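Asks: So I've got this file, my_file_13.cif, and it contains mmCIF, C-alpha atoms:
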data_data
loop_
_atom_site.group_PDB
_atom_site.id
_atom_site.type_symbol
_atom_site.label_atom_id
_atom_site.label_comp_id
_atom_site.auth_asym_id
_atom_site.auth_seq_id
_atom_site.Cartn_x
_atom_site.Cartn_y
_atom_site.Cartn_z
ATOM 1 C CA MET E 1448 72.177 131.972 91.762
ATOM 2 C CA LEU E 1449 72.164 130.508 95.263
ATOM 3 C CA ALA E 1450 74.840 127.999 96.265
ATOM 4 C CA ALA E 1451 72.205 125.274 96.745
ATOM 5 C CA GLN E 1452 70.866 125.816 93.205
ATOM 6 C CA ARG E 1453 74.354 125.807 91.747
ATOM 7 C CA GLN E 1454 75.275 122.617 93.568
ATOM 8 C CA GLU E 1455 72.135 120.885 92.354
ATOM 9 C CA LEU E 1456 73.082 121.809 88.785
ATOM 10 C CA ILE E 1457 76.536 120.346 89.390
ATOM 11 C CA LEU E 1458 74.967 117.101 90.615
ATOM 12 C CA ASP E 1459 72.656 117.015 87.586
ATOM 13 C CA ARG E 1460 75.694 117.316 85.304
ATOM 14 C CA LEU E 1461 77.489 114.616 87.285
ATOM 15 C CA ARG E 1462 74.534 112.228 87.020
ATOM 16 C CA GLN E 1463 74.312 112.868 83.280
ATOM 17 C CA ASP E 1464 78.019 112.703 82.356
ATOM 18 C CA GLY E 1465 79.576 110.646 85.148
ATOM 19 C CA SER E 1466 82.144 113.370 85.840
ATOM 20 C CA VAL E 1467 82.507 117.150 85.913
ATOM 21 C CA ARG E 1468 85.435 119.461 85.257
ATOM 22 C CA VAL E 1469 86.083 122.690 87.120
ATOM 23 C CA THR E 1470 86.863 124.591 83.906
ATOM 24 C CA ASP E 1471 83.591 123.496 82.291
ATOM 25 C CA LEU E 1472 81.562 124.437 85.374
ATOM 26 C CA VAL E 1473 83.215 127.857 85.612
ATOM 27 C CA ALA E 1474 82.241 128.561 81.995
ATOM 28 C CA SER E 1475 78.696 127.185 82.112
ATOM 29 C CA LEU E 1476 77.737 128.650 85.508
ATOM 30 C CA ALA E 1477 79.593 131.954 85.011
ATOM 31 C CA VAL E 1478 81.259 131.924 88.432
ATOM 32 C CA SER E 1479 84.838 131.881 89.640
ATOM 33 C CA ASP E 1480 87.125 128.891 89.915
ATOM 34 C CA MET E 1481 87.186 129.388 93.693
ATOM 35 C CA THR E 1482 83.380 129.285 93.898
ATOM 36 C CA ILE E 1483 83.198 126.004 92.013
ATOM 37 C CA ARG E 1484 85.907 124.480 94.189
ATOM 38 C CA ARG E 1485 83.977 125.499 97.318
ATOM 39 C CA ASP E 1486 80.863 123.881 95.858
ATOM 40 C CA LEU E 1487 82.779 120.671 95.159
ATOM 41 C CA ASP E 1488 84.195 120.713 98.692
ATOM 42 C CA ALA E 1489 80.681 121.059 100.108
ATOM 43 C CA LEU E 1490 79.294 118.277 97.932
ATOM 44 C CA GLU E 1491 82.194 115.974 98.769
ATOM 45 C CA GLY E 1492 81.568 116.667 102.466
ATOM 46 C CA ARG E 1493 77.998 115.436 101.971
ATOM 47 C CA GLY E 1494 79.255 112.310 100.220
ATOM 48 C CA ALA E 1495 77.612 113.348 96.945
ATOM 49 C CA LEU E 1496 80.778 113.165 94.855
ATOM 50 C CA ARG E 1497 84.496 112.457 94.977
ATOM 51 C CA LYS E 1498 86.960 115.174 93.979
ATOM 52 C CA VAL E 1499 89.690 114.262 91.495
ATOM 53 C CA HIS E 1500 92.330 116.333 89.755
ATOM 54 C CA GLY E 1501 90.559 119.072 87.785
ATOM 55 C CA GLY E 1502 87.030 118.119 88.781
ATOM 56 C CA ALA E 1503 84.948 115.399 90.384
ATOM 57 C CA VAL E 1504 83.402 111.975 89.778
ATOM 58 C CA GLY E 1505 80.586 110.102 91.468
ATOM 59 C CA PRO E 1506 81.121 108.808 94.977
ATOM 60 C CA GLU E 1507 82.799 105.425 95.118
ATOM 61 C CA GLY E 1508 80.206 102.762 95.742
ATOM 62 C CA PRO E 1509 80.533 99.444 97.574
ATOM 63 C CA ARG E 1510 83.423 97.329 96.368
ATOM 64 C CA THR E 1511 81.050 94.735 94.928
ATOM 65 C CA GLU E 1512 78.863 97.278 93.097
ATOM 66 C CA GLU E 1513 78.960 96.592 89.350
ATOM 67 C CA PRO E 1514 77.177 99.045 87.020
ATOM 68 C CA GLY E 1515 75.775 97.650 83.793
ATOM 69 C CA PHE E 1516 77.523 97.982 80.430
ATOM 70 C CA GLN E 1517 75.153 100.646 79.088
ATOM 71 C CA ALA E 1518 75.447 102.758 82.235
ATOM 72 C CA LYS E 1519 79.244 102.674 82.085
ATOM 73 C CA SER E 1520 79.424 103.327 78.351
ATOM 74 C CA THR E 1521 78.266 106.948 78.800
ATOM 75 C CA ARG E 1522 80.900 107.793 81.409
ATOM 76 C CA GLN E 1523 84.162 109.481 80.354
ATOM 77 C CA ALA E 1524 83.238 108.846 76.712
ATOM 78 C CA ALA E 1525 85.814 111.222 75.193
ATOM 79 C CA GLU E 1526 88.543 109.813 77.425
ATOM 80 C CA LYS E 1527 87.673 106.231 76.505
ATOM 81 C CA HIS E 1528 87.761 106.968 72.774
ATOM 82 C CA ALA E 1529 91.180 108.625 73.058
ATOM 83 C CA ILE E 1530 92.478 105.672 75.067
ATOM 84 C CA ALA E 1531 91.002 103.099 72.680
ATOM 85 C CA ARG E 1532 92.636 104.735 69.655
ATOM 86 C CA ALA E 1533 96.018 104.721 71.380
ATOM 87 C CA VAL E 1534 95.639 101.098 72.467
ATOM 88 C CA ALA E 1535 94.667 99.958 68.982
ATOM 89 C CA ASP E 1536 97.890 101.492 67.644
ATOM 90 C CA LEU E 1537 99.848 99.124 69.910
ATOM 91 C CA VAL E 1538 98.316 95.972 68.408
ATOM 92 C CA GLU E 1539 100.286 94.440 65.555
ATOM 93 C CA PRO E 1540 98.523 93.027 62.459
ATOM 94 C CA ASN E 1541 98.527 89.220 62.226
ATOM 95 C CA SER E 1542 98.871 88.852 66.005
ATOM 96 C CA ALA E 1543 96.919 86.968 68.654
ATOM 97 C CA VAL E 1544 95.158 89.456 70.893
ATOM 98 C CA GLY E 1545 92.897 89.031 73.910
ATOM 99 C CA LEU E 1546 90.222 91.537 74.879
ATOM 100 C CA SER E 1547 88.768 91.425 78.361
ATOM 101 C CA ALA E 1548 85.295 92.790 79.038
ATOM 102 C CA GLY E 1549 84.530 96.465 79.562
ATOM 103 C CA THR E 1550 83.323 99.566 77.774
ATOM 104 C CA THR E 1551 86.832 100.755 76.905
ATOM 105 C CA THR E 1552 87.907 97.395 75.480
ATOM 106 C CA ALA E 1553 84.703 97.312 73.415
ATOM 107 C CA LEU E 1554 85.816 100.633 71.911
ATOM 108 C CA VAL E 1555 89.266 99.147 71.278
ATOM 109 C CA ALA E 1556 87.492 96.463 69.250
ATOM 110 C CA GLU E 1557 85.911 99.201 67.113
ATOM 111 C CA TYR E 1558 89.355 100.611 66.321
ATOM 112 C CA LEU E 1559 90.705 97.128 65.543
ATOM 113 C CA ARG E 1560 87.937 96.184 63.108
ATOM 114 C CA ASP E 1561 90.120 96.862 60.074
ATOM 115 C CA THR E 1562 93.403 95.479 61.433
ATOM 116 C CA PRO E 1563 94.320 92.583 59.154
ATOM 117 C CA GLY E 1564 95.016 89.041 60.222
ATOM 118 C CA LEU E 1565 94.008 89.284 63.873
ATOM 119 C CA THR E 1566 93.134 86.278 65.966
ATOM 120 C CA VAL E 1567 90.972 87.568 68.816
ATOM 121 C CA ILE E 1568 90.043 85.791 72.040
ATOM 122 C CA THR E 1569 87.493 87.627 74.154
ATOM 123 C CA ASN E 1570 85.008 87.118 76.962
ATOM 124 C CA SER E 1571 83.267 90.379 76.010
ATOM 125 C CA LEU E 1572 79.950 90.011 74.217
ATOM 126 C CA PRO E 1573 80.008 93.608 72.862
ATOM 127 C CA ALA E 1574 83.589 93.231 71.580
ATOM 128 C CA ALA E 1575 82.735 89.969 69.816
ATOM 129 C CA GLU E 1576 79.718 91.637 68.214
ATOM 130 C CA VAL E 1577 81.930 94.443 66.869
ATOM 131 C CA PHE E 1578 84.147 91.975 65.040
ATOM 132 C CA HIS E 1579 81.136 89.986 63.851
ATOM 133 C CA ARG E 1580 79.778 93.123 62.148
ATOM 134 C CA SER E 1581 83.104 93.824 60.421
ATOM 135 C CA GLU E 1582 82.913 90.537 58.442
ATOM 136 C CA ARG E 1583 86.638 90.466 57.655
ATOM 137 C CA SER E 1584 87.595 87.094 56.245
ATOM 138 C CA ASP E 1585 91.192 87.437 57.508
ATOM 139 C CA GLN E 1586 90.188 87.801 61.171
ATOM 140 C CA THR E 1587 89.430 84.925 63.522
ATOM 141 C CA VAL E 1588 87.336 85.734 66.594
ATOM 142 C CA ALA E 1589 86.643 83.303 69.428
ATOM 143 C CA LEU E 1590 84.136 84.147 72.155
ATOM 144 C CA THR E 1591 84.502 82.225 75.396
ATOM 145 C CA GLY E 1592 81.563 80.522 77.010
ATOM 146 C CA GLY E 1593 80.414 81.278 80.528
ATOM 147 C CA PHE E 1594 77.905 83.089 82.694
ATOM 148 C CA ARG E 1595 77.014 86.662 81.736
ATOM 149 C CA THR E 1596 77.776 89.484 84.209
ATOM 150 C CA PRO E 1597 76.188 92.972 84.381
ATOM 151 C CA SER E 1598 79.206 94.285 82.418
ATOM 152 C CA ASP E 1599 78.474 91.805 79.588
ATOM 153 C CA ALA E 1600 81.474 89.635 80.466
ATOM 154 C CA LEU E 1601 81.403 85.850 80.212
ATOM 155 C CA VAL E 1602 82.888 84.259 83.328
ATOM 156 C CA GLY E 1603 83.037 81.021 85.266
ATOM 157 C CA PRO E 1604 84.298 77.478 84.523
ATOM 158 C CA LEU E 1605 83.426 77.545 80.820
ATOM 159 C CA ALA E 1606 85.272 80.834 80.327
ATOM 160 C CA LEU E 1607 88.304 79.506 82.191
ATOM 161 C CA ALA E 1608 88.307 76.310 80.109
ATOM 162 C CA SER E 1609 88.175 78.408 76.929
ATOM 163 C CA VAL E 1610 91.248 80.407 77.952
ATOM 164 C CA HIS E 1611 93.262 77.424 79.206
ATOM 165 C CA GLY E 1612 96.162 76.629 76.892
ATOM 166 C CA ILE E 1613 95.817 79.852 74.867
ATOM 167 C CA ASN E 1614 98.973 81.863 74.149
ATOM 168 C CA LEU E 1615 98.376 85.532 73.323
ATOM 169 C CA ASP E 1616 100.787 88.096 71.965
ATOM 170 C CA THR E 1617 98.869 90.895 73.678
ATOM 171 C CA LEU E 1618 96.033 91.155 76.171
ATOM 172 C CA VAL E 1619 94.087 94.406 76.284
ATOM 173 C CA MET E 1620 92.406 94.557 79.673
ATOM 174 C CA GLY E 1621 89.847 96.954 81.065
ATOM 175 C CA VAL E 1622 89.566 97.400 84.830
ATOM 176 C CA HIS E 1623 87.135 98.745 87.406
ATOM 177 C CA GLY E 1624 89.868 100.411 89.434
ATOM 178 C CA MET E 1625 93.606 100.886 89.909
ATOM 179 C CA HIS E 1626 95.353 101.549 93.191
ATOM 180 C CA GLU E 1627 98.960 101.598 94.351
ATOM 181 C CA ARG E 1628 98.417 98.864 96.937
ATOM 182 C CA ALA E 1629 95.450 96.903 95.539
ATOM 183 C CA GLY E 1630 96.632 96.950 91.917
ATOM 184 C CA PHE E 1631 94.069 96.474 89.126
ATOM 185 C CA THR E 1632 90.706 95.424 90.538
ATOM 186 C CA THR E 1633 87.153 94.397 89.697
ATOM 187 C CA PRO E 1634 83.911 94.211 91.730
ATOM 188 C CA ASN E 1635 83.127 90.726 90.397
ATOM 189 C CA LEU E 1636 84.976 87.739 91.884
ATOM 190 C CA MET E 1637 84.301 85.439 88.934
ATOM 191 C CA GLU E 1638 85.353 88.083 86.416
ATOM 192 C CA SER E 1639 88.582 88.560 88.349
ATOM 193 C CA GLU E 1640 89.319 84.850 88.005
ATOM 194 C CA THR E 1641 88.725 84.951 84.249
ATOM 195 C CA ASP E 1642 90.841 88.093 83.848
ATOM 196 C CA ARG E 1643 93.717 86.496 85.757
ATOM 197 C CA ALA E 1644 93.627 83.521 83.386
ATOM 198 C CA LEU E 1645 93.774 85.913 80.431
ATOM 199 C CA VAL E 1646 96.701 87.778 82.008
ATOM 200 C CA GLU E 1647 98.595 84.527 82.487
ATOM 201 C CA SER E 1648 98.093 83.678 78.813
ATOM 202 C CA ALA E 1649 99.574 86.932 77.489
ATOM 203 C CA GLU E 1650 103.134 87.879 76.660
ATOM 204 C CA THR E 1651 102.293 91.605 76.839
ATOM 205 C CA LEU E 1652 99.627 93.127 79.095
ATOM 206 C CA VAL E 1653 98.116 96.444 78.008
ATOM 207 C CA VAL E 1654 95.692 97.992 80.499
ATOM 208 C CA ALA E 1655 93.183 100.557 79.195
ATOM 209 C CA ALA E 1656 91.887 102.657 82.106
ATOM 210 C CA ASP E 1657 90.633 106.226 82.194
ATOM 211 C CA SER E 1658 91.781 108.567 84.950
ATOM 212 C CA SER E 1659 88.584 108.198 87.000
ATOM 213 C CA LYS E 1660 89.665 104.619 87.788
ATOM 214 C CA TRP E 1661 92.587 105.825 89.910
ATOM 215 C CA ASN E 1662 92.176 105.084 93.632
ATOM 216 C CA THR E 1663 89.015 103.075 92.951
ATOM 217 C CA VAL E 1664 89.188 99.625 94.536
ATOM 218 C CA GLY E 1665 86.960 96.677 93.673
ATOM 219 C CA ILE E 1666 86.664 93.655 95.929
ATOM 220 C CA SER E 1667 89.103 91.485 93.972
ATOM 221 C CA THR E 1668 92.599 92.185 92.665
ATOM 222 C CA ILE E 1669 93.234 90.920 89.144
ATOM 223 C CA THR E 1670 96.956 91.600 89.085
ATOM 224 C CA PRO E 1671 99.438 94.029 90.678
ATOM 225 C CA LEU E 1672 100.457 97.214 88.908
ATOM 226 C CA ASN E 1673 103.928 95.888 88.114
ATOM 227 C CA ARG E 1674 102.514 93.108 85.905
ATOM 228 C CA CYS E 1675 101.310 95.737 83.441
ATOM 229 C CA ASP E 1676 103.618 96.316 80.473
ATOM 230 C CA VAL E 1677 101.746 99.344 79.119
ATOM 231 C CA LEU E 1678 99.068 101.412 80.867
ATOM 232 C CA VAL E 1679 97.093 103.729 78.589
ATOM 233 C CA THR E 1680 95.112 106.449 80.351
ATOM 234 C CA ASP E 1681 94.046 110.068 79.747
ATOM 235 C CA ASP E 1682 95.400 113.501 80.574
ATOM 236 C CA GLY E 1683 92.990 113.951 83.458
ATOM 237 C CA LEU E 1684 95.232 111.763 85.614
ATOM 238 C CA ALA E 1685 96.700 113.713 88.529
ATOM 239 C CA THR E 1686 100.447 114.375 88.650
ATOM 240 C CA ASP E 1687 101.007 112.362 91.828
ATOM 241 C CA ALA E 1688 99.166 109.387 90.308
ATOM 242 C CA ARG E 1689 101.341 109.608 87.203
ATOM 243 C CA HIS E 1690 104.487 109.447 89.325
ATOM 244 C CA ILE E 1691 103.218 106.397 91.224
ATOM 245 C CA LEU E 1692 102.237 104.584 88.048
ATOM 246 C CA GLN E 1693 105.495 105.426 86.292
ATOM 247 C CA ASP E 1694 107.294 103.752 89.187
ATOM 248 C CA HIS E 1695 105.231 100.565 88.888
ATOM 249 C CA VAL E 1696 104.108 99.853 85.314
ATOM 250 C CA GLY E 1697 106.417 99.148 82.398
ATOM 251 C CA SER E 1698 105.285 102.161 80.362
ATOM 252 C CA LEU E 1699 102.696 104.870 81.005
ATOM 253 C CA VAL E 1700 100.943 106.348 77.962
ATOM 254 C CA VAL E 1701 98.863 109.477 78.667
ATOM 255 C CA THR E 1702 96.509 110.434 75.846
ATOM 256 C CA ASP E 1703 95.354 113.962 75.115
ATOM 257 C CA VAL E 1704 91.578 114.272 75.171
ATOM 258 C CA PRO E 1705 89.909 116.840 72.899
ATOM 259 C CA ARG E 1706 87.921 119.346 74.962
ATOM 260 C CA GLU E 1707 85.006 121.441 73.831
ATOM 261 C CA THR E 1708 85.942 125.113 74.000
ATOM 262 C CA GLY E 1709 82.686 126.706 73.078
#
Transcribe the structure of this file into structure tokens.

Replies:
Amino acid sequence: MLAAQRQELILDRLRQDGSVRVTDLVASLAVSDMTIRRDLDALEGRGALRKVHGGAVGPEGPRTEEPGFQAKSTRQAAEKHAIARAVADLVEPNSAVGLSAGTTTALVAEYLRDTPGLTVITNSLPAAEVFHRSERSDQTVALTGGFRTPSDALVGPLALASVHGINLDTLVMGVHGMHERAGFTTPNLMESETDRALVESAETLVVAADSSKWNTVGISTITPLNRCDVLVTDDGLATDARHILQDHVGSLVVTDVPRETG
């Protein structure tokens, strides 16, 4: 197979899955690790992807680019499920919990459906729908008002008014990106404002962010890294990123993600 054909197959996989891993490409394309790494170098040089530890993700777009909820829900799916399970284990029954918008926090809601006695405040339409379907009589779920964003978040003055005066035990927050200098960021200015209000209302901040979010920077900072009490991510996070995060966040939880071997 010619290099150009192989690289086009890599891009097809990237467009389909949102990320690629060197080990998976070596197995599926029956070439050496070195060959795949040269292909990734060539594609990164063309601006077609961005290399990360163990593989590659799509090129970082403009800092105001905001993919829709459905588009994001297919990216890093295994990683997000592993993270969501770990996050749900941190939430105590009979507590007041906030869920910000995002595909990972919507998965957290799925894993919290059977947690008794929760009071949930969320600006995420998909998360609210999850709890609505569970029909537990011992859960109270409040959905903020506001304007709807492409990520199915409710933002703006009505959302801020809904959060004002709320006191949460735990906020579970999803983010667009995390960066040593910029902190936790989003591409939507109004969503950033709503997320900051949620952060201010919470005693404990748990951030759920898969490893592809590292070194991605949206236009607006929600909060610095050191405000985070617990960051839950996946084992694809590079070693140097782990060291940086361990120095800044209260606790770093790295989840193991099941990989297909055959």

Asks: Which one is closest to E:Leu1684: E:Leu1490, E:Leu1537, E:Ala1629, E:Val1499? Count all atoms listed in the file.

Replies: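 Of the candidates, the smallest distance to E:Leu1684 is held by E:Val1499.
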
Asks: Of the candidates E:Ala1574, E:Ala1533, E:Ala1450, E:Ala1503, which shows the shortest atom-to-atom distance to E:Val1679, using all atoms listed in the file?

Replies: E:Ala1533

Asks: Distance cut-off 9 Å, centre (96.5, 101.3, 61.2) in file coordinates, counting all atoms listed in the file: which residues qualify? Return them as a compact mmCIF listing (two decimals) with C-alpha atoms, in the coordinates of the input.

Replies:
# COMPACT_ATOMS: atom_id res chain seq x y z
CA ALA E 1535 94.67 99.96 68.98
CA ASP E 1536 97.89 101.49 67.64
CA GLU E 1539 100.29 94.44 65.56
CA PRO E 1540 98.52 93.03 62.46
CA TYR E 1558 89.36 100.61 66.32
CA LEU E 1559 90.70 97.13 65.54
CA ASP E 1561 90.12 96.86 60.07
CA THR E 1562 93.40 95.48 61.43

Asks: Kindly give the distance, in Å, that separates atom CA of E:Asp1682 and atom CA of E:Asp1694, rounded to a single decimal.

Replies: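 Rounded to one decimal, the two atoms are 17.6 Å apart.
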
Asks: List as a list in words the protein and nucleic acid residues near E:Ala1685, meaning an atom at most 10 Å away when only C-alpha atoms are counted, but skip any in the same chain fewer than 6 places from it.

Replies: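 Residues meeting the cut-off are Val1499, His1500, Gly1501, Ser1658, Ser1659 and Trp1661 of chain E.
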
Asks: Could you tell me, as a PyMOL selection string, exactly which residues end up selected when the PyMOL selection byres ((chain E and resi 1636) around 10) is applied to this structure?

Replies: chain E and resi 1511+1602-1603+1632-1635+1637-1642+1665-1669

Asks: Hey, could you patch up stretch 1620-1637 of chain E with N, CA, C and O atoms and hand it over as a short mmCIF file (atom, residue, chain, number, x, y, z; two decimals), in the coordinates of the input?

Replies:
data_model
loop_
_atom_site.label_atom_id
_atom_site.label_comp_id
_atom_site.auth_asym_id
_atom_site.auth_seq_id
_atom_site.Cartn_x
_atom_site.Cartn_y
_atom_site.Cartn_z
N MET E 1620 93.28 94.78 78.53
CA MET E 1620 92.41 94.56 79.67
C MET E 1620 91.82 95.87 80.19
O MET E 1620 92.53 96.84 80.40
N GLY E 1621 90.51 95.86 80.38
CA GLY E 1621 89.85 96.95 81.06
C GLY E 1621 89.71 96.61 82.53
O GLY E 1621 89.66 95.43 82.91
N VAL E 1622 89.64 97.63 83.38
CA VAL E 1622 89.57 97.40 84.83
C VAL E 1622 88.53 98.32 85.46
O VAL E 1622 88.18 99.36 84.91
N HIS E 1623 88.06 97.92 86.62
CA HIS E 1623 87.14 98.74 87.41
C HIS E 1623 87.90 99.82 88.17
O HIS E 1623 87.42 100.94 88.33
N GLY E 1624 89.09 99.46 88.66
CA GLY E 1624 89.87 100.41 89.43
C GLY E 1624 91.35 100.09 89.41
O GLY E 1624 91.76 98.97 89.06
N MET E 1625 92.16 101.08 89.76
CA MET E 1625 93.61 100.89 89.91
C MET E 1625 94.07 101.66 91.12
O MET E 1625 93.65 102.79 91.36
N HIS E 1626 94.96 101.02 91.89
CA HIS E 1626 95.35 101.55 93.19
C HIS E 1626 96.77 101.08 93.48
O HIS E 1626 97.15 99.96 93.13
N GLU E 1627 97.56 101.93 94.12
CA GLU E 1627 98.96 101.60 94.35
C GLU E 1627 99.11 100.29 95.11
O GLU E 1627 99.98 99.47 94.79
N ARG E 1628 98.29 100.08 96.13
CA ARG E 1628 98.42 98.86 96.94
C ARG E 1628 97.60 97.71 96.36
O ARG E 1628 98.09 96.58 96.25
N ALA E 1629 96.35 97.98 95.97
CA ALA E 1629 95.45 96.90 95.54
C ALA E 1629 95.71 96.47 94.11
O ALA E 1629 95.28 95.38 93.71
N GLY E 1630 96.38 97.29 93.31
CA GLY E 1630 96.63 96.95 91.92
C GLY E 1630 95.41 97.20 91.05
O GLY E 1630 94.63 98.12 91.29
N PHE E 1631 95.22 96.37 90.03
CA PHE E 1631 94.07 96.47 89.13
C PHE E 1631 92.96 95.57 89.67
O PHE E 1631 93.19 94.38 89.92
N THR E 1632 91.77 96.14 89.82
CA THR E 1632 90.71 95.42 90.54
C THR E 1632 89.39 95.40 89.77
O THR E 1632 89.19 96.15 88.81
N THR E 1633 88.50 94.53 90.25
CA THR E 1633 87.15 94.40 89.70
C THR E 1633 86.18 94.14 90.85
O THR E 1633 86.58 93.60 91.89
N PRO E 1634 84.90 94.50 90.69
CA PRO E 1634 83.91 94.21 91.73
C PRO E 1634 83.32 92.82 91.64
O PRO E 1634 82.48 92.46 92.46
N ASN E 1635 83.74 92.03 90.64
CA ASN E 1635 83.13 90.73 90.40
C ASN E 1635 84.18 89.64 90.59
O ASN E 1635 85.15 89.57 89.84
N LEU E 1636 83.98 88.76 91.57
CA LEU E 1636 84.98 87.74 91.88
C LEU E 1636 85.21 86.78 90.72
O LEU E 1636 86.34 86.40 90.43
N MET E 1637 84.14 86.38 90.03
CA MET E 1637 84.30 85.44 88.93
C MET E 1637 84.98 86.10 87.73
O MET E 1637 85.78 85.47 87.03
#
